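File shown: start.tsv. Contents: TSV, C-alpha atoms.
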```tsv
chain	number	residue	atom	x	y	z
A	20	MET	CA	-58.78	-46.61	161.82
A	21	ALA	CA	-56.20	-47.48	159.18
A	22	GLU	CA	-53.22	-49.45	160.40
A	23	ARG	CA	-49.81	-47.79	160.51
A	24	PHE	CA	-46.75	-49.22	158.75
A	25	THR	CA	-43.17	-48.25	159.67
A	26	ALA	CA	-39.91	-49.02	157.87
A	27	LEU	CA	-36.62	-48.91	159.77
A	28	SER	CA	-33.36	-48.56	157.84
A	29	MET	CA	-29.63	-47.84	158.20
A	30	MET	CA	-27.86	-45.91	155.46
A	31	ARG	CA	-24.58	-44.45	154.35
A	32	ASP	CA	-23.90	-42.83	150.95
A	33	GLU	CA	-27.13	-43.87	149.21
A	34	ALA	CA	-27.88	-40.59	147.39
A	35	PRO	CA	-28.37	-41.86	143.79
A	36	ALA	CA	-31.30	-44.19	144.56
A	37	LEU	CA	-32.52	-42.57	147.78
A	38	LEU	CA	-35.45	-40.65	146.31
A	39	GLU	CA	-36.67	-43.75	144.48
A	40	TRP	CA	-36.42	-45.89	147.63
A	41	VAL	CA	-38.33	-43.38	149.78
A	42	ALA	CA	-40.93	-42.81	147.06
A	43	PHE	CA	-41.46	-46.55	146.65
A	44	GLN	CA	-42.03	-47.02	150.38
A	45	GLU	CA	-44.60	-44.24	150.34
A	46	VAL	CA	-46.35	-45.65	147.27
A	47	ILE	CA	-46.81	-49.11	148.78
A	48	GLY	CA	-48.15	-47.73	152.05
A	49	PHE	CA	-45.45	-46.97	154.61
A	50	ASP	CA	-46.50	-43.90	156.57
A	51	ARG	CA	-43.28	-43.62	158.59
A	52	ILE	CA	-39.68	-44.24	157.51
A	53	VAL	CA	-37.02	-43.99	160.21
A	54	VAL	CA	-33.44	-43.98	158.92
A	55	TYR	CA	-30.26	-44.14	160.99
A	56	THR	CA	-27.25	-42.68	159.14
A	57	ASN	CA	-23.53	-42.62	159.83
A	58	ASP	CA	-20.59	-40.85	158.23
A	59	CYS	CA	-22.38	-39.85	155.02
A	60	ARG	CA	-20.13	-38.20	152.43
A	61	ASP	CA	-22.62	-37.83	149.57
A	62	GLY	CA	-25.35	-35.86	151.35
A	63	THR	CA	-27.68	-38.78	152.11
A	64	ASP	CA	-28.23	-37.41	155.61
A	65	ALA	CA	-29.07	-33.92	154.35
A	66	MET	CA	-31.43	-35.35	151.70
A	67	LEU	CA	-33.32	-37.35	154.33
A	68	ASP	CA	-33.60	-34.31	156.57
A	69	ARG	CA	-34.97	-32.24	153.71
A	70	LEU	CA	-37.44	-34.94	152.70
A	71	GLY	CA	-38.87	-34.81	156.20
A	72	GLN	CA	-39.02	-31.02	156.11
A	73	ILE	CA	-41.05	-30.97	152.88
A	74	GLY	CA	-43.62	-33.49	154.10
A	75	ALA	CA	-42.31	-36.95	153.24
A	76	PRO	CA	-42.83	-39.40	156.14
A	77	VAL	CA	-39.09	-39.55	156.88
A	78	LEU	CA	-37.35	-39.23	160.24
A	79	ARG	CA	-33.55	-39.36	160.28
A	80	ARG	CA	-31.47	-40.29	163.28
A	81	ASP	CA	-27.73	-39.82	163.76
A	82	ASN	CA	-25.88	-43.08	164.35
A	83	PRO	CA	-22.37	-42.07	165.45
A	84	VAL	CA	-20.10	-45.10	165.27
A	85	ALA	CA	-17.36	-45.36	167.84
A	86	GLU	CA	-13.98	-46.90	167.02
A	87	GLY	CA	-14.33	-50.66	166.70
A	88	GLU	CA	-18.14	-50.57	166.67
A	89	LYS	CA	-20.44	-51.71	163.83
A	90	PRO	CA	-23.10	-49.36	162.43
A	91	GLN	CA	-25.97	-51.84	162.17
A	92	PRO	CA	-25.96	-53.25	165.71
A	93	MET	CA	-25.56	-49.74	167.12
A	94	ALA	CA	-28.56	-48.49	165.14
A	95	LEU	CA	-30.68	-51.45	166.20
A	96	ARG	CA	-29.87	-50.80	169.86
A	97	ALA	CA	-30.88	-47.16	169.46
A	98	ALA	CA	-34.05	-48.04	167.55
A	99	GLN	CA	-35.00	-50.40	170.37
A	100	LYS	CA	-35.68	-47.28	172.46
A	101	ASP	CA	-37.04	-45.04	169.69
A	102	VAL	CA	-40.75	-44.29	170.12
A	103	ALA	CA	-40.97	-43.27	166.44
A	104	VAL	CA	-39.92	-46.82	165.51
A	105	LEU	CA	-41.99	-48.72	168.05
A	106	ASP	CA	-45.27	-46.74	167.97
A	107	THR	CA	-46.74	-48.52	164.97
A	108	ASP	CA	-49.01	-51.41	164.04
A	109	TRP	CA	-46.48	-53.06	161.70
A	110	LEU	CA	-42.69	-52.73	161.55
A	111	ILE	CA	-39.96	-54.03	159.24
A	112	ALA	CA	-36.21	-53.42	158.95
A	113	LEU	CA	-35.29	-52.66	155.32
A	114	ASP	CA	-31.96	-52.01	153.62
A	115	ALA	CA	-31.65	-49.39	150.91
A	116	ASP	CA	-31.40	-52.13	148.27
A	117	GLU	CA	-34.60	-53.93	149.35
A	118	PHE	CA	-38.07	-53.43	147.89
A	119	LEU	CA	-41.16	-55.34	149.03
A	120	SER	CA	-42.82	-56.96	146.03
A	121	ILE	CA	-46.41	-57.55	147.11
A	122	ARG	CA	-48.19	-59.93	144.76
A	123	THR	CA	-51.77	-59.54	145.91
A	124	GLY	CA	-54.37	-56.81	145.39
A	125	ALA	CA	-52.86	-53.53	144.21
A	126	GLY	CA	-49.45	-54.47	145.57
A	127	ARG	CA	-49.71	-52.32	148.72
A	128	LEU	CA	-49.21	-53.14	152.38
A	129	PRO	CA	-52.92	-53.08	153.32
A	130	ASP	CA	-53.54	-55.63	150.55
A	131	LEU	CA	-50.87	-57.93	152.00
A	132	VAL	CA	-52.20	-57.71	155.55
A	133	ALA	CA	-55.72	-58.38	154.28
A	134	ALA	CA	-54.54	-61.50	152.44
A	135	VAL	CA	-52.98	-63.34	155.41
A	136	PRO	CA	-55.01	-65.22	158.05
A	137	GLU	CA	-56.78	-63.13	160.68
A	138	GLY	CA	-54.68	-62.81	163.82
A	139	THR	CA	-51.34	-62.96	161.98
A	140	GLU	CA	-48.63	-61.20	163.99
A	141	GLY	CA	-45.78	-61.43	161.49
A	142	ILE	CA	-45.14	-62.07	157.79
A	143	VAL	CA	-41.77	-63.65	156.98
A	144	VAL	CA	-40.72	-62.39	153.54
A	145	THR	CA	-38.04	-64.34	151.64
A	146	TRP	CA	-35.51	-62.54	149.47
A	147	ARG	CA	-35.63	-62.70	145.71
A	148	ILE	CA	-32.02	-61.96	144.76
A	149	MET	CA	-31.94	-59.61	141.77
A	150	GLY	CA	-29.09	-59.54	139.28
A	151	SER	CA	-27.20	-57.03	137.17
A	152	ASN	CA	-29.29	-57.56	134.02
A	153	GLY	CA	-25.91	-57.69	132.29
A	154	LEU	CA	-25.32	-53.97	132.90
A	155	VAL	CA	-21.69	-52.91	133.24
A	156	ASP	CA	-21.57	-49.14	133.66
A	157	TRP	CA	-22.78	-47.23	136.69
A	158	ASN	CA	-26.45	-46.50	136.11
A	159	PRO	CA	-28.23	-43.95	138.33
A	160	GLY	CA	-31.64	-44.62	136.75
A	161	LEU	CA	-34.56	-46.22	138.57
A	162	VAL	CA	-33.51	-49.48	140.18
A	163	ILE	CA	-36.90	-51.13	139.65
A	164	GLU	CA	-36.71	-50.36	135.91
A	165	SER	CA	-33.03	-51.16	135.35
A	166	TYR	CA	-32.88	-54.53	137.12
A	167	THR	CA	-35.77	-56.82	136.26
A	168	ARG	CA	-34.18	-60.26	136.34
A	169	GLY	CA	-33.57	-62.37	139.40
A	170	ALA	CA	-32.93	-65.76	140.91
A	171	PRO	CA	-35.18	-68.81	140.47
A	172	ASP	CA	-37.24	-70.04	143.42
A	173	ASP	CA	-34.71	-72.78	144.23
A	174	PHE	CA	-31.75	-70.40	144.76
A	175	ARG	CA	-31.26	-71.48	148.34
A	176	LYS	CA	-28.25	-69.23	148.91
A	177	GLY	CA	-30.71	-66.35	148.57
A	178	TRP	CA	-33.35	-67.57	151.03
A	179	GLY	CA	-32.63	-64.96	153.69
A	180	VAL	CA	-35.71	-63.21	155.07
A	181	LYS	CA	-37.05	-59.93	156.34
A	182	THR	CA	-40.05	-59.84	158.66
A	183	LEU	CA	-43.02	-57.47	158.72
A	184	PHE	CA	-44.37	-57.84	162.24
A	185	ARG	CA	-46.53	-56.38	164.96
A	186	PRO	CA	-44.33	-55.08	167.82
A	187	PHE	CA	-44.70	-57.21	170.94
A	188	PRO	CA	-43.64	-57.20	174.62
A	189	ASP	CA	-39.97	-57.91	175.41
A	190	MET	CA	-39.10	-57.56	171.72
A	191	LYS	CA	-35.46	-57.43	170.64
A	192	LEU	CA	-34.98	-55.95	167.18
A	193	GLY	CA	-32.92	-57.71	164.54
A	194	ILE	CA	-32.14	-56.90	160.93
A	195	HIS	CA	-33.88	-60.04	159.62
A	196	ARG	CA	-36.47	-60.67	162.32
A	197	PRO	CA	-37.09	-59.77	165.95
A	198	THR	CA	-36.67	-62.12	168.89
A	199	VAL	CA	-37.69	-62.02	172.55
A	200	LYS	CA	-35.15	-60.63	175.01
A	201	GLY	CA	-33.59	-63.43	177.04
A	202	ALA	CA	-35.18	-66.23	175.00
A	203	GLY	CA	-31.87	-68.07	174.82
A	204	ARG	CA	-31.60	-68.19	178.62
A	205	GLU	CA	-35.17	-68.47	179.90
A	206	PRO	CA	-37.53	-71.25	178.70
A	207	ALA	CA	-40.62	-69.12	179.40
A	208	ARG	CA	-39.34	-66.40	177.09
A	209	MET	CA	-38.52	-68.96	174.43
A	210	GLU	CA	-42.11	-70.16	174.66
A	211	GLN	CA	-43.26	-66.57	174.25
A	212	LEU	CA	-41.17	-66.36	171.07
A	213	ALA	CA	-42.35	-69.72	169.73
A	214	ALA	CA	-45.99	-68.76	170.29
A	215	LEU	CA	-45.89	-65.83	167.84
A	216	ARG	CA	-48.37	-66.25	165.02
A	217	TRP	CA	-46.14	-65.72	162.01
A	218	VAL	CA	-46.75	-66.85	158.44
A	219	ASN	CA	-44.54	-67.11	155.37
A	220	GLY	CA	-44.84	-65.20	152.10
A	221	SER	CA	-47.68	-67.47	151.03
A	222	GLY	CA	-49.65	-66.98	154.23
A	223	ARG	CA	-48.82	-70.41	155.72
A	224	PRO	CA	-47.67	-70.88	159.34
A	225	MET	CA	-43.98	-70.76	160.20
A	226	THR	CA	-42.43	-73.58	162.19
A	227	ARG	CA	-41.23	-73.50	165.78
A	228	GLN	CA	-37.71	-74.19	164.50
A	229	PHE	CA	-37.80	-70.93	162.57
A	230	LEU	CA	-39.47	-68.92	165.32
A	231	GLU	CA	-36.82	-69.95	167.84
A	232	GLY	CA	-34.13	-68.08	165.95
A	233	MET	CA	-33.72	-68.81	162.23
A	234	TRP	CA	-33.32	-66.01	159.67
A	235	ARG	CA	-33.50	-68.07	156.50
A	236	SER	CA	-36.34	-70.00	154.89
A	237	SER	CA	-36.23	-73.76	154.55
A	238	ALA	CA	-37.74	-75.85	151.78
A	239	ALA	CA	-40.75	-76.33	154.06
A	240	THR	CA	-41.25	-72.67	154.99
A	241	LEU	CA	-40.43	-70.99	151.67
A	242	GLY	CA	-43.37	-69.08	150.21
A	243	TYR	CA	-43.61	-66.47	147.46
A	244	ASP	CA	-47.32	-66.45	146.57
A	245	LEU	CA	-48.27	-63.21	148.35
A	246	VAL	CA	-44.99	-61.35	148.81
A	247	GLU	CA	-41.24	-61.51	148.25
A	248	MET	CA	-38.38	-59.15	149.00
A	249	ALA	CA	-36.61	-57.94	145.87
A	250	HIS	CA	-32.99	-57.65	147.03
A	251	PHE	CA	-30.84	-55.72	144.57
A	252	ALA	CA	-27.62	-57.12	145.97
A	253	VAL	CA	-25.23	-56.25	143.12
A	254	LYS	CA	-26.74	-53.91	140.46
A	255	SER	CA	-24.34	-53.07	137.60
A	256	ARG	CA	-20.68	-54.04	137.83
A	257	GLU	CA	-19.49	-50.48	138.40
A	258	ALA	CA	-22.28	-49.88	140.93
A	259	TYR	CA	-21.09	-53.00	142.71
A	260	LEU	CA	-17.57	-51.58	142.92
A	261	LEU	CA	-19.05	-48.47	144.55
A	262	ARG	CA	-20.36	-50.73	147.32
A	263	GLN	CA	-16.76	-51.65	148.05
A	264	VAL	CA	-15.93	-47.96	148.39
A	265	ARG	CA	-18.88	-47.36	150.71
A	266	GLY	CA	-18.30	-50.31	153.05
A	267	ASN	CA	-21.05	-52.26	154.81
A	268	VAL	CA	-23.17	-51.95	157.94
A	269	ASN	CA	-21.38	-54.75	159.79
A	270	ALA	CA	-17.83	-53.58	158.96
A	271	LYS	CA	-16.91	-56.91	157.34
A	272	PRO	CA	-13.65	-56.51	155.41
A	273	ASP	CA	-13.76	-57.47	151.74
A	274	LYS	CA	-17.42	-58.48	151.92
A	275	TYR	CA	-18.14	-57.28	148.40
A	276	ASP	CA	-15.51	-59.26	146.55
A	277	ALA	CA	-15.76	-60.84	143.09
A	278	THR	CA	-17.03	-64.15	144.52
A	279	TYR	CA	-19.98	-62.40	146.18
A	280	PHE	CA	-20.82	-60.85	142.81
A	281	GLY	CA	-20.61	-64.19	141.03
A	282	ILE	CA	-22.99	-65.86	143.47
A	283	PHE	CA	-25.56	-63.08	143.75
A	284	ASP	CA	-25.63	-61.81	140.16
A	285	ARG	CA	-28.71	-63.88	139.40
A	286	ASN	CA	-30.60	-63.24	136.18
A	287	GLU	CA	-32.33	-66.55	135.47
A	288	THR	CA	-35.97	-65.37	135.73
A	289	GLU	CA	-37.99	-62.32	134.73
A	290	ARG	CA	-39.17	-60.45	137.84
A	291	GLU	CA	-41.11	-57.42	136.59
A	292	ALA	CA	-43.83	-57.05	139.26
A	293	LEU	CA	-42.28	-53.90	140.72
A	294	LEU	CA	-42.73	-52.10	137.39
A	295	ALA	CA	-46.42	-51.75	138.26
A	296	HIS	CA	-45.37	-49.02	140.71
A	297	ALA	CA	-42.86	-47.26	138.43
A	298	GLY	CA	-45.23	-44.54	137.26
A	299	ALA	CA	-46.36	-43.65	140.77
A	300	VAL	CA	-42.75	-43.69	141.99
A	301	ARG	CA	-41.67	-41.34	139.20
A	302	ASP	CA	-44.54	-38.97	140.02
A	303	ARG	CA	-43.60	-38.95	143.70
A	304	ILE	CA	-39.93	-38.24	142.87
A	305	ALA	CA	-41.01	-35.37	140.61
A	306	ASP	CA	-42.98	-33.91	143.52
A	307	TYR	CA	-39.94	-34.16	145.78
A	308	LEU	CA	-37.72	-32.45	143.22
A	309	LYS	CA	-40.01	-29.43	143.01
A	310	ASP	CA	-38.19	-28.37	146.16
A	311	PRO	CA	-35.05	-26.55	144.95
A	312	ILE	CA	-33.04	-27.40	148.07
A	313	LEU	CA	-33.66	-31.11	147.74
A	314	ALA	CA	-33.05	-30.94	143.98
A	315	GLY	CA	-29.65	-29.35	144.64
A	316	LEU	CA	-28.75	-31.96	147.25
A	317	HIS	CA	-29.73	-34.70	144.80
A	318	ARG	CA	-27.56	-33.23	142.05
A	319	ASP	CA	-24.65	-32.95	144.46
A	320	GLY	CA	-25.10	-36.56	145.53
A	321	LEU	CA	-25.07	-37.79	141.96
A	322	ALA	CA	-21.98	-35.72	141.25
A	323	TRP	CA	-20.19	-37.20	144.26
A	324	HIS	CA	-20.83	-40.73	143.04
A	325	ALA	CA	-19.89	-39.83	139.46
A	326	ALA	CA	-16.57	-38.56	140.83
A	327	GLN	CA	-16.04	-41.85	142.67
A	328	ILE	CA	-16.68	-43.76	139.45
A	329	ALA	CA	-14.25	-41.51	137.55
A	330	ARG	CA	-11.62	-42.14	140.22
A	331	LEU	CA	-12.15	-45.91	140.06
A	332	ARG	CA	-11.92	-45.89	136.27
A	333	ALA	CA	-8.63	-44.02	136.45
A	334	GLU	CA	-6.98	-46.51	138.79
A	335	PRO	CA	-4.56	-48.97	137.14
A	336	MET	CA	-6.33	-51.92	138.79
A	337	HIS	CA	-9.76	-51.01	137.41
A	338	PRO	CA	-9.60	-53.15	134.24
A	339	ARG	CA	-8.49	-56.14	136.31
A	340	ARG	CA	-11.31	-55.62	138.82
A	341	MET	CA	-13.86	-55.43	136.01
A	342	ASP	CA	-12.38	-58.54	134.36
A	343	LYS	CA	-12.85	-60.46	137.62
A	344	LEU	CA	-16.49	-59.44	137.79
A	345	ASP	CA	-16.93	-60.34	134.13
A	346	HIS	CA	-15.45	-63.77	134.78
A	347	MET	CA	-17.66	-64.34	137.80
A	348	ALA	CA	-20.74	-63.20	135.93
A	349	GLY	CA	-20.06	-66.04	133.48
A	350	VAL	CA	-20.20	-68.78	136.12
A	351	PRO	CA	-23.31	-70.84	135.31
A	352	TYR	CA	-26.01	-71.32	137.92
A	353	GLU	CA	-25.19	-75.01	138.25
A	354	GLY	CA	-21.53	-74.15	138.88
A	355	LEU	CA	-21.99	-71.96	141.96
A	356	ASP	CA	-21.06	-74.72	144.41
A	357	ALA	CA	-17.52	-74.58	143.02
A	358	LEU	CA	-17.10	-70.95	144.17
A	359	LEU	CA	-15.41	-70.76	147.56
A	360	PHE	CA	-17.57	-68.34	149.55
A	361	THR	CA	-16.60	-68.35	153.22
A	362	GLN	CA	-18.48	-65.28	154.51
A	363	PRO	CA	-21.55	-67.18	155.81
A	364	LEU	CA	-19.42	-69.75	157.62
A	365	GLY	CA	-18.91	-69.66	161.36
A	366	PRO	CA	-15.45	-69.61	162.98
A	367	GLN	CA	-15.22	-73.42	163.03
A	368	GLY	CA	-16.10	-73.69	159.34
A	369	LYS	CA	-13.60	-70.99	158.39
A	370	ALA	CA	-10.91	-72.75	160.40
A	371	ILE	CA	-11.55	-75.96	158.46
A	372	VAL	CA	-11.31	-74.06	155.16
A	373	ASP	CA	-8.00	-72.50	156.24
A	374	ARG	CA	-6.63	-75.93	157.17
A	375	LEU	CA	-7.62	-77.40	153.80
A	376	ARG	CA	-6.01	-74.46	152.03
A	377	ARG	CA	-2.76	-75.00	153.92
A	378	GLN	CA	-2.88	-78.65	152.91
A	379	GLY	CA	-2.94	-77.55	149.26
A	380	MET	CA	-6.50	-78.51	148.35
A	381	ALA	CA	-7.82	-76.59	145.33
A	382	PRO	CA	-10.37	-73.85	146.16
A	383	ALA	CA	-13.04	-75.43	143.92
A	384	GLU	CA	-12.73	-78.75	145.74
A	385	ILE	CA	-12.92	-77.03	149.13
A	386	ALA	CA	-16.02	-75.19	147.91
A	387	ARG	CA	-17.68	-78.45	146.87
A	388	GLN	CA	-16.94	-80.00	150.26
A	389	VAL	CA	-18.39	-76.95	152.03
A	390	ALA	CA	-21.48	-77.07	149.79
A	391	ALA	CA	-21.98	-80.78	150.49
A	392	SER	CA	-21.70	-80.22	154.24
A	393	VAL	CA	-24.13	-77.31	154.14
A	394	SER	CA	-26.56	-79.35	152.02
A	395	ARG	CA	-26.61	-82.11	154.63
A	396	LEU	CA	-27.43	-79.63	157.38
A	397	GLU	CA	-30.12	-78.00	155.24
A	398	ALA	CA	-31.69	-81.37	154.44
A	399	GLU	CA	-31.86	-82.14	158.16
A	400	ARG	CA	-33.54	-78.81	158.85
A	401	ASP	CA	-35.98	-79.35	155.97
A	402	ALA	CA	-36.93	-82.75	157.36
A	403	ARG	CA	-37.65	-81.32	160.81
A	404	ASP	CA	-39.76	-78.50	159.37
A	405	PHE	CA	-41.73	-80.80	157.05
A	406	ALA	CA	-42.36	-83.22	159.95
A	407	GLU	CA	-43.69	-80.42	162.15
A	408	LEU	CA	-45.99	-79.07	159.45
A	409	GLU	CA	-47.26	-82.57	158.65
A	410	ALA	CA	-48.01	-83.17	162.33
A	411	ARG	CA	-50.04	-79.96	162.46
A	412	GLY	CA	-52.29	-81.15	159.65
A	413	PRO	CA	-53.24	-80.01	156.14
A	414	ALA	CA	-53.96	-76.39	157.07
A	415	ALA	CA	-50.33	-75.74	158.08
A	416	GLY	CA	-48.71	-77.08	154.95
A	417	ALA	CA	-51.33	-76.20	152.34
```

If you convert what's in this file into structure tokens, what do you get?
Amino acid sequence: MAERFTALSMMRDEAPALLEWVAFQEVIGFDRIVVYTNDCRDGTDAMLDRLGQIGAPVLRRDNPVAEGEKPQPMALRAAQKDVAVLDTDWLIALDADEFLSIRTGAGRLPDLVAAVPEGTEGIVVTWRIMGSNGLVDWNPGLVIESYTRGAPDDFRKGWGVKTLFRPFPDMKLGIHRPTVKGAGREPARMEQLAALRWVNGSGRPMTRQFLEGMWRSSAATLGYDLVEMAHFAVKSREAYLLRQVRGNVNAKPDKYDATYFGIFDRNETEREALLAHAGAVRDRIADYLKDPILAGLHRDGLAWHAAQIARLRAEPMHPRRMDKLDHMAGVPYEGLDALLFTQPLGPQGKAIVDRLRRQGMAPAEIARQVAASVSRLEAERDARDFAELEARGPAAGA
């Protein structure tokens, strides 16, 4: 019997690229797509419902967000009890700007599973941050055709992961990877977590250090040979501004600022593997749009976003916002450590940054100090991972 693959997602106002995203998941082999939505204004929820009604493997769930709550954690808690999510052979949490780029066989999920060692229970897929391709205007065309340039392998700021895994007992869902419930309190449960047979994107074993709770690759665990996760974090400059309008799943204020764009607008390498699926994706979208109800919902969604763009363009601050993005897009790759980017820092790190600011230190100098501190911690983690893999023998680090 063929194995079943399920994608779990959380969405709000994703109408322009929704049909492409669903079609792509179908093309590469997902046979169930469960999407939790909240407060959609562009018809994303109605489009998902209609896709399910006309035969696409889509199930939508309402994710009402109470005052002070965050959409993503609420959806994950609900999905934890959702039979449609859990009754599967393989599961992964995907955002609407993430596309699995499978680099083995025909680029489909069964090819990936066949390429990893027998008995593998999870495949840790590292992001490949994709850039704007220099596009400025809002562009509702196919994402995988419009944005074909991305970060080099050594872009460590973009080494976050997503995990395709077999559901297991006592599992606690997470957006990057699952854990075991109570692992932080009970040694036996931590051992259960550490015993999972997970591999990286090249099919090599993950380290205990990662399994115990990491969500980013290290220099020792990074692997792109079989699969990577194309993460279209910014898209065009105007599309990026629309992300500010939409908000984010963790309710972080000002997450999508100009500094974020400058760091994640990466265009250093050609990344065209996803184009192999473009024809099949277009055909699948055309099949969807044969349904007049869905076609109307899609048109309405595009019109809603076009109206948002028109409103942004009419605002007096729009030229200044675009100038900031233009300036940040010009920061060279080797100059990123001079950009002060505090979002990933914990409370202690942010407090240190605030103190240095009050003391009058220039933002670029603070950024370099933060980067140096982070680099030391990363080097220590790398050393531990390399030592563990070396102790396991050649098969682990090959």

Can I get the residues of segment 50-165 of chain A within 8 Å of segment 188-200 of chain A, each with the closest pair of atoms and their distance in Å to one decimal, using only C-alpha atoms, sorted chain first then ascending number, as a Markdown table?
```
| residue | atom | partner | partner_atom | distance |
| --- | --- | --- | --- | --- |
| A:Leu95 | CA | A:Leu192 | CA | 6.3 |
| A:Arg96 | CA | A:Leu192 | CA | 7.7 |
| A:Ala98 | CA | A:Leu192 | CA | 8.0 |
| A:Gln99 | CA | A:Leu192 | CA | 6.4 |
| A:Ala112 | CA | A:Ile194 | CA | 5.7 |
| A:Leu113 | CA | A:Ile194 | CA | 7.7 |
```

Cut-off 12 Å around (-33.1, -71.9, 149.9) with only C-alpha atoms: residues as a CSV table (one decimal) with C-alpha atoms, in the frame of the given file:
```csv
chain,number,residue,atom,x,y,z
A,145,THR,CA,-38.0,-64.3,151.6
A,146,TRP,CA,-35.5,-62.5,149.5
A,147,ARG,CA,-35.6,-62.7,145.7
A,148,ILE,CA,-32.0,-62.0,144.8
A,170,ALA,CA,-32.9,-65.8,140.9
A,171,PRO,CA,-35.2,-68.8,140.5
A,172,ASP,CA,-37.2,-70.0,143.4
A,173,ASP,CA,-34.7,-72.8,144.2
A,174,PHE,CA,-31.8,-70.4,144.8
A,175,ARG,CA,-31.3,-71.5,148.3
A,176,LYS,CA,-28.2,-69.2,148.9
A,177,GLY,CA,-30.7,-66.4,148.6
A,178,TRP,CA,-33.4,-67.6,151.0
A,179,GLY,CA,-32.6,-65.0,153.7
A,180,VAL,CA,-35.7,-63.2,155.1
A,234,TRP,CA,-33.3,-66.0,159.7
A,235,ARG,CA,-33.5,-68.1,156.5
A,236,SER,CA,-36.3,-70.0,154.9
A,237,SER,CA,-36.2,-73.8,154.6
A,238,ALA,CA,-37.7,-75.8,151.8
A,239,ALA,CA,-40.8,-76.3,154.1
A,240,THR,CA,-41.2,-72.7,155.0
A,241,LEU,CA,-40.4,-71.0,151.7
A,242,GLY,CA,-43.4,-69.1,150.2
A,393,VAL,CA,-24.1,-77.3,154.1
A,394,SER,CA,-26.6,-79.4,152.0
A,397,GLU,CA,-30.1,-78.0,155.2
A,398,ALA,CA,-31.7,-81.4,154.4
A,400,ARG,CA,-33.5,-78.8,158.8
A,401,ASP,CA,-36.0,-79.4,156.0
```

| task | Would you mind listing what lies within 10 Å of segment 256-260 of chain A as a VMD selection string, with all atoms listed in the file counted and same-chain residues fewer than 6 positions away left out? | result | chain A and resid 151 153 to 159 275 to 277 280 284 324 327 to 328 331 to 332 337 340 to 341 344 to 345 348

| said: Can you measure atom CA of Asn219 of chain A to atom CA of Phe360 of chain A for me? One decimal in Å is fine. | reply: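 These atoms are spaced 27.6 Å apart.
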
| Å distance separating atom CA of Gln263 of chain A from atom CA of Arg374 of chain A, one decimal place |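 Distance reported for this atom pair: 27.8 Å.
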
| field | Long-range neighbours of segment 26-32 of chain A as a PyMOL selection string, 6 Å cut-off, all atoms listed in the file, 6 positions minimum in chain | value | chain A and resi 52-57+59+61+63+110-114

| task | For segment 225-227 of chain A, please output as a ChimeraX atom specification all residues within 7 Å (counting all atoms listed in the file; exclusion window: fewer than 4 positions along the same chain). | result | /A:213,217-219,231,240,404,407

| said: Which residue is closest to Glu384 of chain A? Choose from A:Gly141, A:Arg223, A:Lys369, A:Leu358 and count only C-alpha atoms. | reply: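 The answer is A:Leu358, which sits nearest to Glu384 of chain A.
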